[in-house]
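Asker: Structure below; questions to follow.
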Amino acid sequence: MRIKENILLILEENKGNPISGEEIAEKIGCTRAGVWKAIKQLQNDGYSIDAVSNKGYTLKVSGDILSESFISKKIEEAGYNLKVICEEKTDSTNEYAKRLSSEFQNDDLLIVSAEQTAGKGRKGRSFYSPSDTGVYFSLLLHPNCSPEEATNLTTLAVTAEAVALEKITGYKTEIKWVNDIRIRNKKISGILTEGSTSFEDGKMNYVVIGIGVNLYEPEAGFPEDIKDIAGAVFEDSVQRENIRNLVVSEIVIRLLDYYNSFNKRTYLKDYESRCFVIGKNVTIISSSHEAINDEEVFVLGIDKDCHLHVRHSDGHESFLSSGEISVRI
Ligand code: BTN
């Protein structure tokens, strides 16, 4: 284990209480200068560590309470106007946003929660949403587009999240076509886009983009049914100061940046550069999760609607839609 990780463990054990540089140095067998250097790195990584002369270093008991004013201010500073509501607990932020959709027919809205009691996943599944280890939020938007067009908003949101998480944590993110974000090969987030269409013009009345981010692995691990695929943004469970507010605001700002130029698909370049199936052989899986005659295809790229451009073994090329298939590496 490196000095930095060793120091973090010691600080964790003494969380909220100071421990001198000398004592840390002695415990792990390095110099006080080495301790100081590693502490600086940890602070740069986002750990909230106080350094007080004659007392030592203290890993602060984290303050990571959701704050409407923090998130609103950040979003406002980026030039956007959005009503923000934060809750400690709700059933599902998507449901919450939909309940408020008639009140917010013209204005956009952001609902954030530290916990969901009935988090919804894709295909009618539930989404594991405990408190303390993640953050869950939904954005109610009013795009002037058809339902087909609106399906691209999920891809836009995935890209925004990947780029924002990289900016905050410095970790590399990967996108598994079509809409899964991975860090260290594990799915660290889920996105569910819902909406309502108008009978009059067939366009969207509103869209709700719901995002759940696993920041830390739960103490008892992820539930049995998802434990092989689910992961967390951070490798350890040291609570970062203000991280939920930061994650939500950075993702939302990036998402609104892309949304402003939705028709130009400015997010596609950032999507493509993270989509790790491009340039690889993959097996096509039908929606019933059966390999389609075990067909292996080579992925050439994606088109503007995020269809997968593939070359089949007989040389012909086609575009595959995520509604029909998924892929296995
Ligand atoms: C999936 O991977 O199946 C999609 C999961 C989407 C979860 C988010 S958490 C915030 C929002 N509220 C919900 O009830 N679901 C979405």
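Numbering starts fresh at 1 for the residues of each chain in the structure tokens, the chains themselves are lettered A, B, ... in the order given, and ligands are numbered from 1 as they appear.
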Grab me every residue within 6 Å of ligand 1, counting only C-alpha atoms and all ligand atoms, and send it over as a PyMOL selection string.
Answerer: chain A and resi 92-94+119-122+127+136-138+190-192+210-212
Asker: Write the selection just made, keeping C-alpha atoms, as a PDB file, in the first residue's frame?
Answerer:
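Output file again17.pdb follows:
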```pdb
ATOM      1  CA  SER A  92     -38.575   8.448  -6.915  1.00  0.00           C
ATOM      2  CA  THR A  93     -37.253  11.768  -8.192  1.00  0.00           C
ATOM      3  CA  ASN A  94     -38.677  10.923 -11.648  1.00  0.00           C
ATOM      4  CA  GLY A 119     -36.239   4.227  -7.272  1.00  0.00           C
ATOM      5  CA  LYS A 120     -37.171   3.170 -10.813  1.00  0.00           C
ATOM      6  CA  GLY A 121     -34.850   1.512 -13.298  1.00  0.00           C
ATOM      7  CA  ARG A 122     -35.256   0.687 -16.982  1.00  0.00           C
ATOM      8  CA  PHE A 127     -33.106   1.081  -8.861  1.00  0.00           C
ATOM      9  CA  TYR A 136     -30.459  10.686  -7.226  1.00  0.00           C
ATOM     10  CA  PHE A 137     -31.910  13.471  -9.324  1.00  0.00           C
ATOM     11  CA  SER A 138     -34.328  14.254 -12.154  1.00  0.00           C
ATOM     12  CA  GLY A 190     -28.297   4.533 -14.074  1.00  0.00           C
ATOM     13  CA  ILE A 191     -30.298   6.862 -16.322  1.00  0.00           C
ATOM     14  CA  LEU A 192     -34.014   6.652 -16.966  1.00  0.00           C
ATOM     15  CA  GLY A 210     -33.499  10.766 -14.065  1.00  0.00           C
ATOM     16  CA  ILE A 211     -29.935  10.012 -13.010  1.00  0.00           C
ATOM     17  CA  GLY A 212     -28.719   7.951 -10.066  1.00  0.00           C
TER      18      GLY A 212
END
```
Asker: Mind checking which residues fall within 10 Å of region 61-65 of chain A, counting only C-alpha atoms, ignoring those fewer than 2 positions away in the same chain, and posting them as a ChimeraX atom specification?
Answerer: /A:12,15-17,47-49,58-59,67-68,86-88,114,132,238-246
Asker: Would you write out, as a Markdown table, a table of all residues in region 132-229 of chain A that have an atom no more than 10 Å from an atom of region 252-264 of chain A, listing for each the closest atom pair and the distance in Å to one decimal, considering only C-alpha atoms and ordering rows by chain and rising residue number?
Answerer:
```
| residue | atom | partner | partner_atom | distance |
| --- | --- | --- | --- | --- |
| A:Phe137 | CA | A:Val252 | CA | 9.6 |
| A:Ser138 | CA | A:Val252 | CA | 9.6 |
| A:Leu139 | CA | A:Val252 | CA | 8.1 |
| A:Leu141 | CA | A:Tyr259 | CA | 9.7 |
| A:Pro143 | CA | A:Tyr259 | CA | 8.8 |
| A:Cys145 | CA | A:Asn263 | CA | 9.8 |
| A:Glu149 | CA | A:Asn263 | CA | 9.3 |
| A:Ala150 | CA | A:Phe262 | CA | 9.8 |
| A:Asn152 | CA | A:Phe262 | CA | 8.9 |
| A:Leu153 | CA | A:Tyr259 | CA | 8.0 |
| A:Leu156 | CA | A:Tyr258 | CA | 6.9 |
| A:Ala157 | CA | A:Leu255 | CA | 5.8 |
| A:Val158 | CA | A:Leu255 | CA | 8.7 |
| A:Thr159 | CA | A:Leu255 | CA | 8.0 |
| A:Ala160 | CA | A:Leu255 | CA | 5.0 |
| A:Glu161 | CA | A:Leu255 | CA | 7.5 |
| A:Ala162 | CA | A:Arg254 | CA | 9.8 |
| A:Val163 | CA | A:Arg254 | CA | 7.8 |
| A:Ala164 | CA | A:Arg254 | CA | 6.7 |
```
Asker: In Å, how far is it from CA of Ile111 (chain A) to CA of Ser129 (chain A)?
Answerer: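 Going from CA of Ile111 (chain A) over to CA of Ser129 (chain A), I get 14.7 Å.
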Asker: Counting only C-alpha atoms, which of A:Lys98, A:Lys280, A:Lys304, A:Arg265 gets nearest to Ser196 (chain A)?
Answerer: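 For Ser196 (chain A), the nearest of the given residues is A:Lys98.
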Asker: Looking at only C-alpha atoms, which of A:Leu66, A:Ala232, A:Val327, A:Val248 is the one that sits closest to Val282 (chain A)?
Answerer: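 Nearest candidate to Val282 (chain A) out of A:Leu66, A:Ala232, A:Val327, A:Val248: A:Val327.
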Asker: Residues at most 10 Å from Ala38 (chain A), counting only C-alpha atoms, excluding those fewer than 3 positions away in the same chain, as a list in words?
Answerer: Arg2, Ile3, Lys4, Glu5, Asn6, Ile7, Leu8, Arg32, Ala33, Gly34, Val35, Gln41, Leu42, Gln43 and Asn44 of chain A
Asker: Convert the current residue selection to file output with N, CA and C atoms, as a compact mmCIF listing (two decimals), in the first residue's frame.
Answerer:
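Result saved to part.txt:
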```txt
# COMPACT_ATOMS: atom_id res chain seq x y z
N ARG A 2 0.49 2.25 -0.75
CA ARG A 2 1.31 3.45 -0.84
C ARG A 2 1.11 4.35 0.38
N ILE A 3 2.04 5.29 0.56
CA ILE A 3 1.99 6.19 1.72
C ILE A 3 0.62 6.87 1.83
N LYS A 4 0.14 7.36 0.68
CA LYS A 4 -1.12 8.10 0.68
C LYS A 4 -2.27 7.26 1.25
N GLU A 5 -2.38 6.03 0.77
CA GLU A 5 -3.47 5.15 1.22
C GLU A 5 -3.33 4.82 2.70
N ASN A 6 -2.06 4.59 3.14
CA ASN A 6 -1.81 4.30 4.55
C ASN A 6 -2.24 5.47 5.44
N ILE A 7 -1.89 6.68 4.98
CA ILE A 7 -2.24 7.87 5.78
C ILE A 7 -3.76 8.02 5.85
N LEU A 8 -4.40 7.76 4.72
CA LEU A 8 -5.87 7.89 4.69
C LEU A 8 -6.51 6.94 5.72
N ARG A 32 8.38 13.04 8.07
CA ARG A 32 7.26 13.99 8.25
C ARG A 32 7.00 14.76 6.95
N ALA A 33 8.11 15.00 6.22
CA ALA A 33 7.95 15.69 4.92
C ALA A 33 7.13 14.82 3.96
N GLY A 34 7.37 13.51 4.04
CA GLY A 34 6.61 12.57 3.20
C GLY A 34 5.13 12.60 3.56
N VAL A 35 4.87 12.69 4.86
CA VAL A 35 3.48 12.77 5.33
C VAL A 35 2.83 14.04 4.79
N GLN A 41 -1.54 15.89 -1.36
CA GLN A 41 -2.17 15.14 -2.48
C GLN A 41 -3.60 14.76 -2.13
N LEU A 42 -3.79 14.31 -0.89
CA LEU A 42 -5.15 13.91 -0.47
C LEU A 42 -6.10 15.10 -0.51
N GLN A 43 -5.60 16.26 -0.07
CA GLN A 43 -6.44 17.47 -0.12
C GLN A 43 -6.79 17.79 -1.57
N ASN A 44 -5.81 17.64 -2.46
CA ASN A 44 -6.09 17.89 -3.89
C ASN A 44 -7.09 16.88 -4.44
```
Asker: So how far away is CA of Asn14 (chain A) from CA of Gly134 (chain A), in Å?
Answerer: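 That distance, rounded to one decimal, is 24.0 Å.
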Asker: I'd like the neighbourhood of Ile302 (chain A) as a list in words, where a residue qualifies if any of its atoms comes within 8 Å (using only C-alpha atoms), though same-chain residues fewer than 6 positions away should be ignored.
Answerer: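 Near Ile302 (chain A), the qualifying residues are Glu272, Leu308 and His309 of chain A.
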Asker: Write to file, as a PDB file, in the first residue's frame, the residues of the selection just made, with N, CA, C and O atoms.
Answerer:
```
ATOM      1  N   GLU A 272     -18.484   9.381 -28.366  1.00  0.00           N
ATOM      2  CA  GLU A 272     -17.679   8.442 -29.171  1.00  0.00           C
ATOM      3  C   GLU A 272     -16.317   8.151 -28.543  1.00  0.00           C
ATOM      4  O   GLU A 272     -15.867   7.013 -28.522  1.00  0.00           O
ATOM      5  N   LEU A 308     -25.555   1.776 -33.755  1.00  0.00           N
ATOM      6  CA  LEU A 308     -24.222   1.207 -33.859  1.00  0.00           C
ATOM      7  C   LEU A 308     -23.933   0.819 -35.311  1.00  0.00           C
ATOM      8  O   LEU A 308     -24.666   0.021 -35.891  1.00  0.00           O
ATOM      9  N   HIS A 309     -22.882   1.399 -35.882  1.00  0.00           N
ATOM     10  CA  HIS A 309     -22.497   1.105 -37.264  1.00  0.00           C
ATOM     11  C   HIS A 309     -21.554  -0.098 -37.224  1.00  0.00           C
ATOM     12  O   HIS A 309     -20.456  -0.005 -36.670  1.00  0.00           O
TER      13      HIS A 309
END
```
Asker: Write out as a ChimeraX atom specification the residues lying within 8 Å of Gln105 (chain A), counting only C-alpha atoms and excluding same-chain residues fewer than 5 positions away.
Answerer: /A:142,205-206
Asker: I need the residues of region 203-286 of chain A that end up classed as strand (DSSP E) by DSSP on the backbone, written out as a list in words.
Answerer: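 The strand (DSSP E) subset of region 203-286 of chain A is Met204, Asn205, Tyr206, Val207, Val208, Ile209, Gly210, Ile211, Gly212, Val213, Asn214, Asn281, Val282, Thr283, Ile284, Ile285 and Ser286 of chain A.
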Asker: Go ahead and dump the residues you just picked, N, CA and C atoms, as a PDB file, in the first residue's frame.
Answerer:
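Full text of again.pdb as output:
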```
ATOM      1  N   MET A 204     -43.218  16.326 -27.708  1.00  0.00           N
ATOM      2  CA  MET A 204     -43.124  16.107 -26.269  1.00  0.00           C
ATOM      3  C   MET A 204     -43.751  17.278 -25.498  1.00  0.00           C
ATOM      4  N   ASN A 205     -44.565  16.948 -24.488  1.00  0.00           N
ATOM      5  CA  ASN A 205     -45.004  17.985 -23.540  1.00  0.00           C
ATOM      6  C   ASN A 205     -43.847  18.301 -22.599  1.00  0.00           C
ATOM      7  N   TYR A 206     -43.249  17.225 -22.117  1.00  0.00           N
ATOM      8  CA  TYR A 206     -42.079  17.361 -21.252  1.00  0.00           C
ATOM      9  C   TYR A 206     -41.279  16.072 -21.275  1.00  0.00           C
ATOM     10  N   VAL A 207     -40.052  16.194 -20.784  1.00  0.00           N
ATOM     11  CA  VAL A 207     -39.185  15.020 -20.630  1.00  0.00           C
ATOM     12  C   VAL A 207     -38.603  15.055 -19.218  1.00  0.00           C
ATOM     13  N   VAL A 208     -38.523  13.900 -18.579  1.00  0.00           N
ATOM     14  CA  VAL A 208     -37.856  13.820 -17.274  1.00  0.00           C
ATOM     15  C   VAL A 208     -36.635  12.918 -17.432  1.00  0.00           C
ATOM     16  N   ILE A 209     -35.463  13.493 -17.189  1.00  0.00           N
ATOM     17  CA  ILE A 209     -34.228  12.696 -17.264  1.00  0.00           C
ATOM     18  C   ILE A 209     -33.783  12.402 -15.827  1.00  0.00           C
ATOM     19  N   GLY A 210     -33.851  11.146 -15.441  1.00  0.00           N
ATOM     20  CA  GLY A 210     -33.499  10.766 -14.065  1.00  0.00           C
ATOM     21  C   GLY A 210     -32.153  10.090 -14.014  1.00  0.00           C
ATOM     22  N   ILE A 211     -31.301  10.549 -13.114  1.00  0.00           N
ATOM     23  CA  ILE A 211     -29.935  10.012 -13.010  1.00  0.00           C
ATOM     24  C   ILE A 211     -29.645   9.600 -11.563  1.00  0.00           C
ATOM     25  N   GLY A 212     -29.147   8.403 -11.394  1.00  0.00           N
ATOM     26  CA  GLY A 212     -28.719   7.951 -10.066  1.00  0.00           C
ATOM     27  C   GLY A 212     -27.244   7.631 -10.128  1.00  0.00           C
ATOM     28  N   VAL A 213     -26.454   8.181  -9.200  1.00  0.00           N
ATOM     29  CA  VAL A 213     -25.010   7.946  -9.204  1.00  0.00           C
ATOM     30  C   VAL A 213     -24.611   7.224  -7.916  1.00  0.00           C
ATOM     31  N   ASN A 214     -23.943   6.082  -8.053  1.00  0.00           N
ATOM     32  CA  ASN A 214     -23.388   5.395  -6.880  1.00  0.00           C
ATOM     33  C   ASN A 214     -22.041   6.026  -6.575  1.00  0.00           C
ATOM     34  N   ASN A 281     -14.554  -6.133 -31.758  1.00  0.00           N
ATOM     35  CA  ASN A 281     -15.514  -7.163 -32.141  1.00  0.00           C
ATOM     36  C   ASN A 281     -16.458  -7.379 -30.971  1.00  0.00           C
ATOM     37  N   VAL A 282     -17.762  -7.395 -31.246  1.00  0.00           N
ATOM     38  CA  VAL A 282     -18.727  -7.645 -30.171  1.00  0.00           C
ATOM     39  C   VAL A 282     -19.738  -8.690 -30.646  1.00  0.00           C
ATOM     40  N   THR A 283     -20.384  -9.325 -29.677  1.00  0.00           N
ATOM     41  CA  THR A 283     -21.448 -10.270 -30.011  1.00  0.00           C
ATOM     42  C   THR A 283     -22.783  -9.557 -29.859  1.00  0.00           C
ATOM     43  N   ILE A 284     -23.646  -9.711 -30.852  1.00  0.00           N
ATOM     44  CA  ILE A 284     -24.954  -9.048 -30.792  1.00  0.00           C
ATOM     45  C   ILE A 284     -25.906  -9.900 -29.960  1.00  0.00           C
ATOM     46  N   ILE A 285     -26.565  -9.240 -29.021  1.00  0.00           N
ATOM     47  CA  ILE A 285     -27.523  -9.928 -28.152  1.00  0.00           C
ATOM     48  C   ILE A 285     -28.910  -9.358 -28.430  1.00  0.00           C
ATOM     49  N   SER A 286     -29.920 -10.212 -28.562  1.00  0.00           N
ATOM     50  CA  SER A 286     -31.276  -9.698 -28.790  1.00  0.00           C
ATOM     51  C   SER A 286     -31.825  -9.164 -27.475  1.00  0.00           C
TER      52      SER A 286
END
```
Asker: Pick the closest to Glu103 (chain A) from A:Glu115, A:Lys83, A:Asp91, A:Ser131: which is it, counting only C-alpha atoms?
Answerer: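 Of A:Glu115, A:Lys83, A:Asp91, A:Ser131, the one nearest Glu103 (chain A) is A:Lys83, counting only C-alpha atoms.
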Asker: Please indicate the distance in Å from CA of Lys186 (chain A) to CA of Gly231 (chain A), rounded to one decimal place.
Answerer: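 CA of Gly231 (chain A) lies at a distance of 4.7 Å from CA of Lys186 (chain A).
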Asker: Using only C-alpha atoms, which of the listed residues (A:Glu296, A:Asp50, A:Glu194, A:Asp45) sits closest to Phe234 (chain A)?
Answerer: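 Of A:Glu296, A:Asp50, A:Glu194, A:Asp45, the one nearest Phe234 (chain A), counting only C-alpha atoms, is A:Asp45.
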Asker: Considering only C-alpha atoms, state which residue in the set A:Glu200, A:Asp236, A:Asp305, A:Glu148 is at the smallest distance from Leu215 (chain A).
Answerer: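 Smallest separation from Leu215 (chain A) among the options: A:Asp236.
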Asker: Which residues, written as a list in words, have at least one atom at most 8 Å from Pro147 (chain A), with only C-alpha atoms counted and residues fewer than 4 positions away on the same chain left out?
Answerer: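 The residues satisfying every condition are Thr151, Thr197, Gly202, Lys203 and Met204 of chain A.
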Asker: Would you output that residue set with N, CA, C and O atoms, as a short mmCIF file (atom, residue, chain, number, x, y, z; two decimals), in the first residue's frame?
Answerer:
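Heads up, here's the output in out.cif:
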```
data_model
loop_
_atom_site.label_atom_id
_atom_site.label_comp_id
_atom_site.auth_asym_id
_atom_site.auth_seq_id
_atom_site.Cartn_x
_atom_site.Cartn_y
_atom_site.Cartn_z
N THR A 151 -35.43 10.40 -27.56
CA THR A 151 -34.65 9.26 -27.04
C THR A 151 -33.15 9.59 -27.02
O THR A 151 -32.40 9.03 -26.23
N THR A 197 -46.26 12.90 -24.30
CA THR A 197 -46.38 13.54 -25.61
C THR A 197 -47.74 14.21 -25.76
O THR A 197 -48.71 13.84 -25.11
N GLY A 202 -48.09 15.72 -31.57
CA GLY A 202 -47.21 14.55 -31.50
C GLY A 202 -45.84 14.86 -30.92
O GLY A 202 -44.94 14.02 -30.96
N LYS A 203 -45.67 16.07 -30.39
CA LYS A 203 -44.36 16.42 -29.82
C LYS A 203 -44.37 16.21 -28.31
O LYS A 203 -45.41 15.95 -27.71
N MET A 204 -43.22 16.33 -27.71
CA MET A 204 -43.12 16.11 -26.27
C MET A 204 -43.75 17.28 -25.50
O MET A 204 -43.50 18.43 -25.81
#
```
Asker: Counting only C-alpha atoms, figure out which residue out of A:Ile175, A:Ile10, A:Leu300, A:Ile168 gets nearest to Ile24 (chain A).
Answerer: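 Using only C-alpha atoms, Ile24 (chain A) sits closest to A:Ile10.
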Asker: Using DSSP on the backbone, list every residue of region 239-281 of chain A that comes out as helix (DSSP H, G or I), and give them as a list of chain:residue names.
Answerer: A:Ile243, A:Arg244, A:Asn245, A:Leu246, A:Val247, A:Val248, A:Ser249, A:Glu250, A:Ile251, A:Val252, A:Ile253, A:Arg254, A:Leu255, A:Leu256, A:Asp257, A:Tyr258, A:Tyr259, A:Asn260, A:Phe262, A:Asn263, A:Lys264, A:Leu268, A:Lys269, A:Asp270, A:Tyr271, A:Glu272, A:Ser273, A:Arg274
